[in-house]
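Here is the structure we will look at, set down as structure tokens.
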Amino acid sequence: MYLKLQHFLALAASMGAIVTAANPPGSLEKCLQEAVSGDAARVQFSYEPGFEENDVRPYNLNYQRKPVAVLYPNTSTEVSKIVQCTAKTDRKLHARSGGNDLTNTSKHRKVLGSADGAVVVDLKNFQKLEVDEVTGVATVGSGIRLKHLVEGLHTNGGRYMPAGASAGLGVGGLTLVGGVGLNTRLEGAMIDTIVKVKVVLANGTVVNASASENSDLFWAIRGAGASFGIVTEFQFQTQPEPKEVIDFAFTVSSNDTATLTNAFKAYHEIIRDRTLDPRLGVVVVVSKNSFRISGAYFGPREGYDRVDFGSRVPSIVSGNVSETISWSQHVNNTFAECGLGGANWFVLMDLYGGAIGKPAVDAMAFPHRDIAYFFSMYATTENRTAQATYDFVDDVVFNVQEKQPEKYLSYVGYTNDRVEGSPQERYWGSNLPRLQNIKAAYDSKDLFSTAHTVKTKGQRH
């Protein structure tokens, strides 16, 4: 059994000091302008007013990166031209579809580049959403946000698929790192539903990748896509929406550590059962004086009642179990709750097992199959994070890991600059050697590069 753990420090603060990137050479600037047909609104350079606030938009202010340019292409052909322009230089290239990076380095979902001077391709204009009425296959642009994807599937025949819980996440990045959520135990991860992708390679070629076409690239894209190209379009296999959903939430609040510990032990006894109904999705949030269980049951009320959190977990001070609701109502509830915050730190534990464990570890680059939980440690500050906060988070993480550190891998969706050793080994485990070989075939010059992407054996970031 694998247990996965990540931790990060996110900030909600004023911009602070910004590193200045060198202006692009005239040849690169001209090439990038021509790549988007000379449309000045769709190519912004680091020297232009408002670049930091309007185009860079860093998610974590502990990491101040400044790209040389941000572009907003409309088509895969324009992306190809941008790739070819950048490949002529020694600069790196990154894509962004959501802009929610924890270290401002990851690709697609949230990239600003791990070094100043990168070229960023923002995919916000890739908003395509079509559903085949016969096959249920959805064709989706990489720039669409999760909320709009879920709503669009609902209005196009009442379809759904595995999804995360944050409405504003970009589908491109969320999917390529895995894409897990409350219905992952029932339906698997978003990455498991990919039928085909359209991807722009390091040489500017636009190709399709699927199980029958460029299959090695398709294998690598599903879990390490940021390392191999820019995915502009997905095809997902969708399913009919569940007819009934039960939302629930229970809270234990106490200043007594023993009370919280006993509540967690009781919860753990419930969910440790390997035969636990896969229609049950659960998230636990632990903060200083509280322990909260919330989630959804994707089925009828009688199935949920057999789990019976309300009577089996002691010391619950508040709780709510919804009447049977529709899938669309559940999604609105989930997105609303995800936006609620307030604590300076908390530990998040997502329950997995079930359908996510059906594919083999080496079925695709994404290795996290035989897992019980995803652990995340969050800490937020209004100012630059103090060393004491780093030490606190590290202590929590390492105390969990220390007895069996070999069982803890890291999820590349939560890039972490505080991982000791090679982060690539922790992100992809035994799949890394194959990924390195595919990287050498498709991006030998490491154009698509951050400290957290796949490297060939001779490459360094």
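Residue names in the structure tokens use chain letters A, B, ... in the order shown, residue numbers from 1 in each chain, and ligand numbers from 1 in the order shown.
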
Practice problem: Determine which residues of range 270-367 of chain A receive a DSSP assignment of helix (DSSP H, G or I), computed from the backbone, and state them as a PyMOL selection string. | Solution: chain A and resi 270-271+301-305+309-312+327-338+354-357

Please dump the current selection as a PDB file, in the first residue's frame; keep N, CA and C atoms.
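To be explicit, this is the file written out as selection09.pdb:
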ATOM      1  N   ILE A 270     -13.756   2.911  10.371  1.00  0.00           N
ATOM      2  CA  ILE A 270     -14.794   2.809   9.338  1.00  0.00           C
ATOM      3  C   ILE A 270     -14.173   2.669   7.955  1.00  0.00           C
ATOM      4  N   ILE A 271     -13.197   3.520   7.660  1.00  0.00           N
ATOM      5  CA  ILE A 271     -12.720   3.593   6.279  1.00  0.00           C
ATOM      6  C   ILE A 271     -11.581   2.613   5.978  1.00  0.00           C
ATOM      7  N   ARG A 301     -30.159   6.737  -0.497  1.00  0.00           N
ATOM      8  CA  ARG A 301     -29.990   7.024   0.926  1.00  0.00           C
ATOM      9  C   ARG A 301     -29.711   5.764   1.740  1.00  0.00           C
ATOM     10  N   GLU A 302     -30.339   4.654   1.403  1.00  0.00           N
ATOM     11  CA  GLU A 302     -30.134   3.451   2.210  1.00  0.00           C
ATOM     12  C   GLU A 302     -28.687   2.966   2.156  1.00  0.00           C
ATOM     13  N   GLY A 303     -28.000   3.203   1.035  1.00  0.00           N
ATOM     14  CA  GLY A 303     -26.594   2.832   0.953  1.00  0.00           C
ATOM     15  C   GLY A 303     -25.743   3.688   1.866  1.00  0.00           C
ATOM     16  N   TYR A 304     -25.999   4.989   1.866  1.00  0.00           N
ATOM     17  CA  TYR A 304     -25.261   5.873   2.769  1.00  0.00           C
ATOM     18  C   TYR A 304     -25.520   5.518   4.228  1.00  0.00           C
ATOM     19  N   ASP A 305     -26.754   5.204   4.571  1.00  0.00           N
ATOM     20  CA  ASP A 305     -27.109   4.931   5.965  1.00  0.00           C
ATOM     21  C   ASP A 305     -26.342   3.744   6.531  1.00  0.00           C
ATOM     22  N   PHE A 309     -21.819   7.497   9.661  1.00  0.00           N
ATOM     23  CA  PHE A 309     -20.804   8.273  10.367  1.00  0.00           C
ATOM     24  C   PHE A 309     -21.367   8.905  11.637  1.00  0.00           C
ATOM     25  N   GLY A 310     -22.593   9.386  11.556  1.00  0.00           N
ATOM     26  CA  GLY A 310     -23.159  10.178  12.642  1.00  0.00           C
ATOM     27  C   GLY A 310     -23.150   9.500  13.990  1.00  0.00           C
ATOM     28  N   SER A 311     -23.395   8.197  14.047  1.00  0.00           N
ATOM     29  CA  SER A 311     -23.430   7.500  15.330  1.00  0.00           C
ATOM     30  C   SER A 311     -22.135   6.772  15.649  1.00  0.00           C
ATOM     31  N   ARG A 312     -21.278   6.557  14.672  1.00  0.00           N
ATOM     32  CA  ARG A 312     -20.066   5.766  14.893  1.00  0.00           C
ATOM     33  C   ARG A 312     -18.846   6.607  15.231  1.00  0.00           C
ATOM     34  N   TRP A 327     -27.027  15.505  -9.122  1.00  0.00           N
ATOM     35  CA  TRP A 327     -25.594  15.670  -9.337  1.00  0.00           C
ATOM     36  C   TRP A 327     -25.230  17.144  -9.444  1.00  0.00           C
ATOM     37  N   SER A 328     -26.004  17.937 -10.170  1.00  0.00           N
ATOM     38  CA  SER A 328     -25.677  19.348 -10.347  1.00  0.00           C
ATOM     39  C   SER A 328     -25.749  20.103  -9.023  1.00  0.00           C
ATOM     40  N   GLN A 329     -26.707  19.763  -8.168  1.00  0.00           N
ATOM     41  CA  GLN A 329     -26.773  20.385  -6.842  1.00  0.00           C
ATOM     42  C   GLN A 329     -25.543  20.023  -6.017  1.00  0.00           C
ATOM     43  N   HIS A 330     -25.136  18.770  -6.084  1.00  0.00           N
ATOM     44  CA  HIS A 330     -23.938  18.331  -5.356  1.00  0.00           C
ATOM     45  C   HIS A 330     -22.707  19.107  -5.815  1.00  0.00           C
ATOM     46  N   VAL A 331     -22.552  19.291  -7.120  1.00  0.00           N
ATOM     47  CA  VAL A 331     -21.400  20.015  -7.646  1.00  0.00           C
ATOM     48  C   VAL A 331     -21.381  21.441  -7.124  1.00  0.00           C
ATOM     49  N   ASN A 332     -22.517  22.105  -7.125  1.00  0.00           N
ATOM     50  CA  ASN A 332     -22.580  23.473  -6.603  1.00  0.00           C
ATOM     51  C   ASN A 332     -22.199  23.510  -5.131  1.00  0.00           C
ATOM     52  N   ASN A 333     -22.662  22.531  -4.356  1.00  0.00           N
ATOM     53  CA  ASN A 333     -22.312  22.463  -2.938  1.00  0.00           C
ATOM     54  C   ASN A 333     -20.812  22.276  -2.755  1.00  0.00           C
ATOM     55  N   THR A 334     -20.227  21.379  -3.548  1.00  0.00           N
ATOM     56  CA  THR A 334     -18.804  21.077  -3.427  1.00  0.00           C
ATOM     57  C   THR A 334     -17.952  22.283  -3.765  1.00  0.00           C
ATOM     58  N   PHE A 335     -18.248  22.945  -4.869  1.00  0.00           N
ATOM     59  CA  PHE A 335     -17.476  24.120  -5.262  1.00  0.00           C
ATOM     60  C   PHE A 335     -17.607  25.232  -4.226  1.00  0.00           C
ATOM     61  N   ALA A 336     -18.794  25.400  -3.655  1.00  0.00           N
ATOM     62  CA  ALA A 336     -19.003  26.446  -2.652  1.00  0.00           C
ATOM     63  C   ALA A 336     -18.194  26.159  -1.401  1.00  0.00           C
ATOM     64  N   GLU A 337     -18.191  24.907  -0.953  1.00  0.00           N
ATOM     65  CA  GLU A 337     -17.469  24.561   0.268  1.00  0.00           C
ATOM     66  C   GLU A 337     -15.975  24.660   0.070  1.00  0.00           C
ATOM     67  N   CYS A 338     -15.504  24.315  -1.122  1.00  0.00           N
ATOM     68  CA  CYS A 338     -14.076  24.374  -1.393  1.00  0.00           C
ATOM     69  C   CYS A 338     -13.552  25.794  -1.277  1.00  0.00           C
ATOM     70  N   GLY A 354     -10.677   1.775  -4.197  1.00  0.00           N
ATOM     71  CA  GLY A 354     -11.745   1.599  -5.180  1.00  0.00           C
ATOM     72  C   GLY A 354     -11.229   1.674  -6.601  1.00  0.00           C
ATOM     73  N   ALA A 355     -11.928   2.424  -7.460  1.00  0.00           N
ATOM     74  CA  ALA A 355     -11.651   2.417  -8.898  1.00  0.00           C
ATOM     75  C   ALA A 355     -10.274   2.948  -9.257  1.00  0.00           C
ATOM     76  N   ILE A 356      -9.723   3.854  -8.466  1.00  0.00           N
ATOM     77  CA  ILE A 356      -8.406   4.396  -8.813  1.00  0.00           C
ATOM     78  C   ILE A 356      -7.336   3.316  -8.750  1.00  0.00           C
ATOM     79  N   GLY A 357      -7.601   2.240  -7.991  1.00  0.00           N
ATOM     80  CA  GLY A 357      -6.636   1.162  -7.862  1.00  0.00           C
ATOM     81  C   GLY A 357      -6.743   0.077  -8.912  1.00  0.00           C
TER      82      GLY A 357
END

Practice problem: Assign secondary structure with DSSP using the backbone only, and return the residues of range 169-200 of chain A in strand (DSSP E or B) as a PyMOL selection string. | Solution: chain A and resi 170+194-200

Resulting file, chosen residues, N, CA and C atoms, as a PDB file, in the first residue's frame:
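Contents of part.pdb, freshly written:
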ATOM      1  N   GLY A 170      -7.809  24.843 -13.999  1.00  0.00           N
ATOM      2  CA  GLY A 170      -7.790  24.596 -15.428  1.00  0.00           C
ATOM      3  C   GLY A 170      -7.777  23.107 -15.709  1.00  0.00           C
ATOM      4  N   ILE A 194      -9.217   9.673 -20.232  1.00  0.00           N
ATOM      5  CA  ILE A 194      -8.700  10.250 -21.475  1.00  0.00           C
ATOM      6  C   ILE A 194      -8.723   9.203 -22.586  1.00  0.00           C
ATOM      7  N   VAL A 195      -9.317   9.566 -23.704  1.00  0.00           N
ATOM      8  CA  VAL A 195      -9.345   8.715 -24.895  1.00  0.00           C
ATOM      9  C   VAL A 195      -8.263   9.142 -25.885  1.00  0.00           C
ATOM     10  N   LYS A 196      -8.078  10.436 -26.016  1.00  0.00           N
ATOM     11  CA  LYS A 196      -7.123  10.974 -26.987  1.00  0.00           C
ATOM     12  C   LYS A 196      -6.763  12.392 -26.576  1.00  0.00           C
ATOM     13  N   VAL A 197      -5.550  12.820 -26.940  1.00  0.00           N
ATOM     14  CA  VAL A 197      -5.141  14.212 -26.736  1.00  0.00           C
ATOM     15  C   VAL A 197      -4.544  14.756 -28.024  1.00  0.00           C
ATOM     16  N   LYS A 198      -4.660  16.062 -28.194  1.00  0.00           N
ATOM     17  CA  LYS A 198      -3.934  16.778 -29.242  1.00  0.00           C
ATOM     18  C   LYS A 198      -2.804  17.523 -28.554  1.00  0.00           C
ATOM     19  N   VAL A 199      -1.569  17.337 -29.012  1.00  0.00           N
ATOM     20  CA  VAL A 199      -0.422  17.883 -28.293  1.00  0.00           C
ATOM     21  C   VAL A 199       0.572  18.498 -29.273  1.00  0.00           C
ATOM     22  N   VAL A 200       1.129  19.637 -28.876  1.00  0.00           N
ATOM     23  CA  VAL A 200       2.176  20.304 -29.646  1.00  0.00           C
ATOM     24  C   VAL A 200       3.518  19.895 -29.059  1.00  0.00           C
TER      25      VAL A 200
END

Quiz item: Counting only C-alpha atoms, what is within 12 Å of Glu241 in chain A, bar same-chain residues fewer than 6 positions away, as a VMD selection string?
Solution: chain A and resid 136 150 to 151 153 to 162 183 187 298 to 299 325 to 331

Quiz prompt | range 430-435 of chain A surroundings by only C-alpha atoms, 12 Å radius, close-in-sequence under 3 positions cut, as number ranges by chain | solution = A: 216-228, 360-368, 409, 422-427, 438-443, 453-457

Writer output for current selection, C-alpha atoms, as a PDB file, in the first residue's frame:
ATOM      1  CA  ASP A 216       4.382   5.858 -25.968  1.00  0.00           C
ATOM      2  CA  LEU A 217       3.625   9.576 -25.841  1.00  0.00           C
ATOM      3  CA  PHE A 218       0.071   8.815 -24.709  1.00  0.00           C
ATOM      4  CA  TRP A 219       1.479   6.700 -21.869  1.00  0.00           C
ATOM      5  CA  ALA A 220       3.794   9.513 -20.753  1.00  0.00           C
ATOM      6  CA  ILE A 221       1.304  12.355 -21.150  1.00  0.00           C
ATOM      7  CA  ARG A 222      -1.031  10.697 -18.638  1.00  0.00           C
ATOM      8  CA  GLY A 223       0.784  11.685 -15.468  1.00  0.00           C
ATOM      9  CA  ALA A 224       3.764  13.669 -16.755  1.00  0.00           C
ATOM     10  CA  GLY A 225       2.294  15.695 -19.602  1.00  0.00           C
ATOM     11  CA  ALA A 226       4.106  18.893 -18.673  1.00  0.00           C
ATOM     12  CA  SER A 227       7.410  17.293 -19.651  1.00  0.00           C
ATOM     13  CA  PHE A 228       6.529  16.379 -23.225  1.00  0.00           C
ATOM     14  CA  ALA A 360      -1.709  -1.246 -12.875  1.00  0.00           C
ATOM     15  CA  VAL A 361       0.964   1.096 -11.512  1.00  0.00           C
ATOM     16  CA  ASP A 362       2.662   1.055 -14.920  1.00  0.00           C
ATOM     17  CA  ALA A 363      -0.517   1.357 -17.022  1.00  0.00           C
ATOM     18  CA  MET A 364       0.419   5.022 -17.549  1.00  0.00           C
ATOM     19  CA  ALA A 365       2.904   7.474 -16.062  1.00  0.00           C
ATOM     20  CA  PHE A 366       0.557   8.291 -13.153  1.00  0.00           C
ATOM     21  CA  PRO A 367       1.750   5.796 -10.487  1.00  0.00           C
ATOM     22  CA  HIS A 368      -0.600   6.396  -7.555  1.00  0.00           C
ATOM     23  CA  LEU A 409       5.465   9.238  -2.838  1.00  0.00           C
ATOM     24  CA  SER A 422      15.153  13.894  -6.672  1.00  0.00           C
ATOM     25  CA  PRO A 423      11.530  15.094  -6.807  1.00  0.00           C
ATOM     26  CA  GLN A 424      11.124  13.106 -10.021  1.00  0.00           C
ATOM     27  CA  GLU A 425      11.664   9.824  -8.182  1.00  0.00           C
ATOM     28  CA  ARG A 426       8.960  10.751  -5.691  1.00  0.00           C
ATOM     29  CA  TYR A 427       6.525  11.898  -8.370  1.00  0.00           C
ATOM     30  CA  ILE A 438      10.452   8.950 -23.814  1.00  0.00           C
ATOM     31  CA  LYS A 439      11.710  12.406 -22.818  1.00  0.00           C
ATOM     32  CA  ALA A 440      14.902  11.765 -24.795  1.00  0.00           C
ATOM     33  CA  ALA A 441      12.820  10.872 -27.849  1.00  0.00           C
ATOM     34  CA  TYR A 442      10.416  13.830 -27.742  1.00  0.00           C
ATOM     35  CA  ASP A 443      12.250  16.670 -25.949  1.00  0.00           C
ATOM     36  CA  THR A 453       9.492  17.890 -14.929  1.00  0.00           C
ATOM     37  CA  VAL A 454      11.039  14.676 -16.244  1.00  0.00           C
ATOM     38  CA  LYS A 455      14.729  14.884 -17.136  1.00  0.00           C
ATOM     39  CA  THR A 456      16.738  12.500 -19.269  1.00  0.00           C
ATOM     40  CA  LYS A 457      19.621  10.866 -17.459  1.00  0.00           C
TER      41      LYS A 457
END

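If you look at CA of Asn214 in chain A and CA of Phe236 in chain A, they are 17.3 Å away from each other.
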
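In this comparison, which uses only C-alpha atoms, the residue of A:Lys124, A:Gly281, A:Gly172, A:Phe45 approaching Leu186 in chain A most closely is A:Gly281.
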
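The spacing separating CA of Val120 in chain A from CA of Gly50 in chain A amounts to 16.0 Å.
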
Quiz item: Restricting the calculation to only C-alpha atoms, which member of A:Val283, A:Gly229, A:Lys407, A:Pro314 is positioned closest to Ala165 in chain A?
Solution: A:Val283

Self-check item: Neighbour list for range 202-208 of chain A as a PyMOL selection string, cut-off 10 Å, only C-alpha atoms, skip fewer than 4 positions in-chain
Solution: chain A and resi 76-87+93+196-198+212-215+217-218+227-234+442-448

Preceding selection exported with N, CA and C atoms as a JSON list (two decimals), in the first residue's frame:
[["chain", "number", "residue", "atom", "x", "y", "z"],
["A", 76, "SER", "N", -4.10, 25.56, -32.10],
["A", 76, "SER", "CA", -2.90, 24.72, -31.95],
["A", 76, "SER", "C", -1.81, 25.16, -32.91],
["A", 77, "THR", "N", -2.19, 25.67, -34.07],
["A", 77, "THR", "CA", -1.20, 26.18, -35.03],
["A", 77, "THR", "C", -0.43, 27.35, -34.45],
["A", 78, "GLU", "N", -1.12, 28.24, -33.76],
["A", 78, "GLU", "CA", -0.43, 29.37, -33.11],
["A", 78, "GLU", "C", 0.47, 28.87, -31.99],
["A", 79, "VAL", "N", 0.02, 27.88, -31.23],
["A", 79, "VAL", "CA", 0.89, 27.30, -30.19],
["A", 79, "VAL", "C", 2.14, 26.73, -30.83],
["A", 80, "SER", "N", 1.98, 26.05, -31.96],
["A", 80, "SER", "CA", 3.13, 25.48, -32.67],
["A", 80, "SER", "C", 4.13, 26.57, -33.06],
["A", 81, "LYS", "N", 3.64, 27.69, -33.54],
["A", 81, "LYS", "CA", 4.53, 28.78, -33.93],
["A", 81, "LYS", "C", 5.27, 29.34, -32.72],
["A", 82, "ILE", "N", 4.59, 29.45, -31.58],
["A", 82, "ILE", "CA", 5.23, 29.94, -30.36],
["A", 82, "ILE", "C", 6.32, 28.97, -29.92],
["A", 83, "VAL", "N", 6.03, 27.68, -29.99],
["A", 83, "VAL", "CA", 7.02, 26.66, -29.64],
["A", 83, "VAL", "C", 8.25, 26.78, -30.53],
["A", 84, "GLN", "N", 8.04, 26.95, -31.82],
["A", 84, "GLN", "CA", 9.17, 27.05, -32.74],
["A", 84, "GLN", "C", 9.99, 28.31, -32.49],
["A", 85, "CYS", "N", 9.33, 29.41, -32.17],
["A", 85, "CYS", "CA", 10.05, 30.64, -31.83],
["A", 85, "CYS", "C", 10.95, 30.43, -30.62],
["A", 86, "THR", "N", 10.39, 29.84, -29.58],
["A", 86, "THR", "CA", 11.13, 29.67, -28.33],
["A", 86, "THR", "C", 12.25, 28.66, -28.48],
["A", 87, "ALA", "N", 12.03, 27.62, -29.27],
["A", 87, "ALA", "CA", 13.03, 26.57, -29.44],
["A", 87, "ALA", "C", 14.31, 27.10, -30.10],
["A", 93, "LEU", "N", 9.93, 26.90, -22.06],
["A", 93, "LEU", "CA", 8.56, 27.16, -22.48],
["A", 93, "LEU", "C", 7.61, 26.45, -21.53],
["A", 196, "LYS", "N", -8.08, 10.44, -26.02],
["A", 196, "LYS", "CA", -7.12, 10.97, -26.99],
["A", 196, "LYS", "C", -6.76, 12.39, -26.58],
["A", 197, "VAL", "N", -5.55, 12.82, -26.94],
["A", 197, "VAL", "CA", -5.14, 14.21, -26.74],
["A", 197, "VAL", "C", -4.54, 14.76, -28.02],
["A", 198, "LYS", "N", -4.66, 16.06, -28.19],
["A", 198, "LYS", "CA", -3.93, 16.78, -29.24],
["A", 198, "LYS", "C", -2.80, 17.52, -28.55],
["A", 212, "SER", "N", -3.76, 3.88, -29.66],
["A", 212, "SER", "CA", -3.39, 3.31, -30.95],
["A", 212, "SER", "C", -2.53, 4.24, -31.81],
["A", 213, "GLU", "N", -2.26, 5.44, -31.35],
["A", 213, "GLU", "CA", -1.51, 6.43, -32.12],
["A", 213, "GLU", "C", -0.54, 7.15, -31.20],
["A", 214, "ASN", "N", 0.76, 7.05, -31.50],
["A", 214, "ASN", "CA", 1.79, 7.62, -30.61],
["A", 214, "ASN", "C", 1.57, 7.13, -29.18],
["A", 215, "SER", "N", 1.48, 5.83, -29.04],
["A", 215, "SER", "CA", 1.08, 5.23, -27.76],
["A", 215, "SER", "C", 2.09, 5.47, -26.65],
["A", 217, "LEU", "N", 3.91, 8.21, -26.29],
["A", 217, "LEU", "CA", 3.63, 9.58, -25.84],
["A", 217, "LEU", "C", 2.35, 9.61, -25.02],
["A", 218, "PHE", "N", 1.34, 8.88, -25.44],
["A", 218, "PHE", "CA", 0.07, 8.81, -24.71],
["A", 218, "PHE", "C", 0.30, 8.27, -23.30],
["A", 227, "SER", "N", 6.04, 17.54, -19.22],
["A", 227, "SER", "CA", 7.41, 17.29, -19.65],
["A", 227, "SER", "C", 7.55, 17.05, -21.14],
["A", 228, "PHE", "N", 6.44, 16.90, -21.86],
["A", 228, "PHE", "CA", 6.53, 16.38, -23.23],
["A", 228, "PHE", "C", 5.90, 17.26, -24.29],
["A", 229, "GLY", "N", 5.14, 18.24, -23.92],
["A", 229, "GLY", "CA", 4.50, 19.09, -24.91],
["A", 229, "GLY", "C", 3.40, 19.91, -24.29],
["A", 230, "ILE", "N", 2.64, 20.56, -25.14],
["A", 230, "ILE", "CA", 1.50, 21.37, -24.71],
["A", 230, "ILE", "C", 0.23, 20.73, -25.25],
["A", 231, "VAL", "N", -0.56, 20.17, -24.36],
["A", 231, "VAL", "CA", -1.83, 19.57, -24.76],
["A", 231, "VAL", "C", -2.85, 20.68, -24.94],
["A", 232, "THR", "N", -3.42, 20.76, -26.12],
["A", 232, "THR", "CA", -4.41, 21.81, -26.39],
["A", 232, "THR", "C", -5.84, 21.30, -26.38],
["A", 233, "GLU", "N", -6.00, 19.97, -26.48],
["A", 233, "GLU", "CA", -7.36, 19.42, -26.55],
["A", 233, "GLU", "C", -7.38, 17.99, -26.03],
["A", 234, "PHE", "N", -8.45, 17.67, -25.31],
["A", 234, "PHE", "CA", -8.67, 16.32, -24.77],
["A", 234, "PHE", "C", -9.93, 15.72, -25.36],
["A", 442, "TYR", "N", 11.33, 12.75, -27.36],
["A", 442, "TYR", "CA", 10.42, 13.83, -27.74],
["A", 442, "TYR", "C", 10.91, 15.23, -27.37],
["A", 443, "ASP", "N", 11.79, 15.34, -26.38],
["A", 443, "ASP", "CA", 12.25, 16.67, -25.95],
["A", 443, "ASP", "C", 13.67, 16.55, -25.42],
["A", 444, "SER", "N", 14.58, 16.17, -26.28],
["A", 444, "SER", "CA", 15.96, 15.92, -25.86],
["A", 444, "SER", "C", 16.67, 17.18, -25.39],
["A", 445, "LYS", "N", 16.21, 18.35, -25.84],
["A", 445, "LYS", "CA", 16.83, 19.62, -25.43],
["A", 445, "LYS", "C", 16.15, 20.23, -24.21],
["A", 446, "ASP", "N", 15.16, 19.55, -23.66],
["A", 446, "ASP", "CA", 14.49, 19.97, -22.43],
["A", 446, "ASP", "C", 13.86, 21.35, -22.56],
["A", 447, "LEU", "N", 13.13, 21.55, -23.65],
["A", 447, "LEU", "CA", 12.43, 22.82, -23.85],
["A", 447, "LEU", "C", 11.33, 22.99, -22.81],
["A", 448, "PHE", "N", 10.56, 21.93, -22.58],
["A", 448, "PHE", "CA", 9.49, 21.95, -21.58],
["A", 448, "PHE", "C", 10.10, 21.55, -20.24]]

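For the pair CA of Leu169 in chain A and CA of Glu244 in chain A, the interatomic distance is 25.4 Å.
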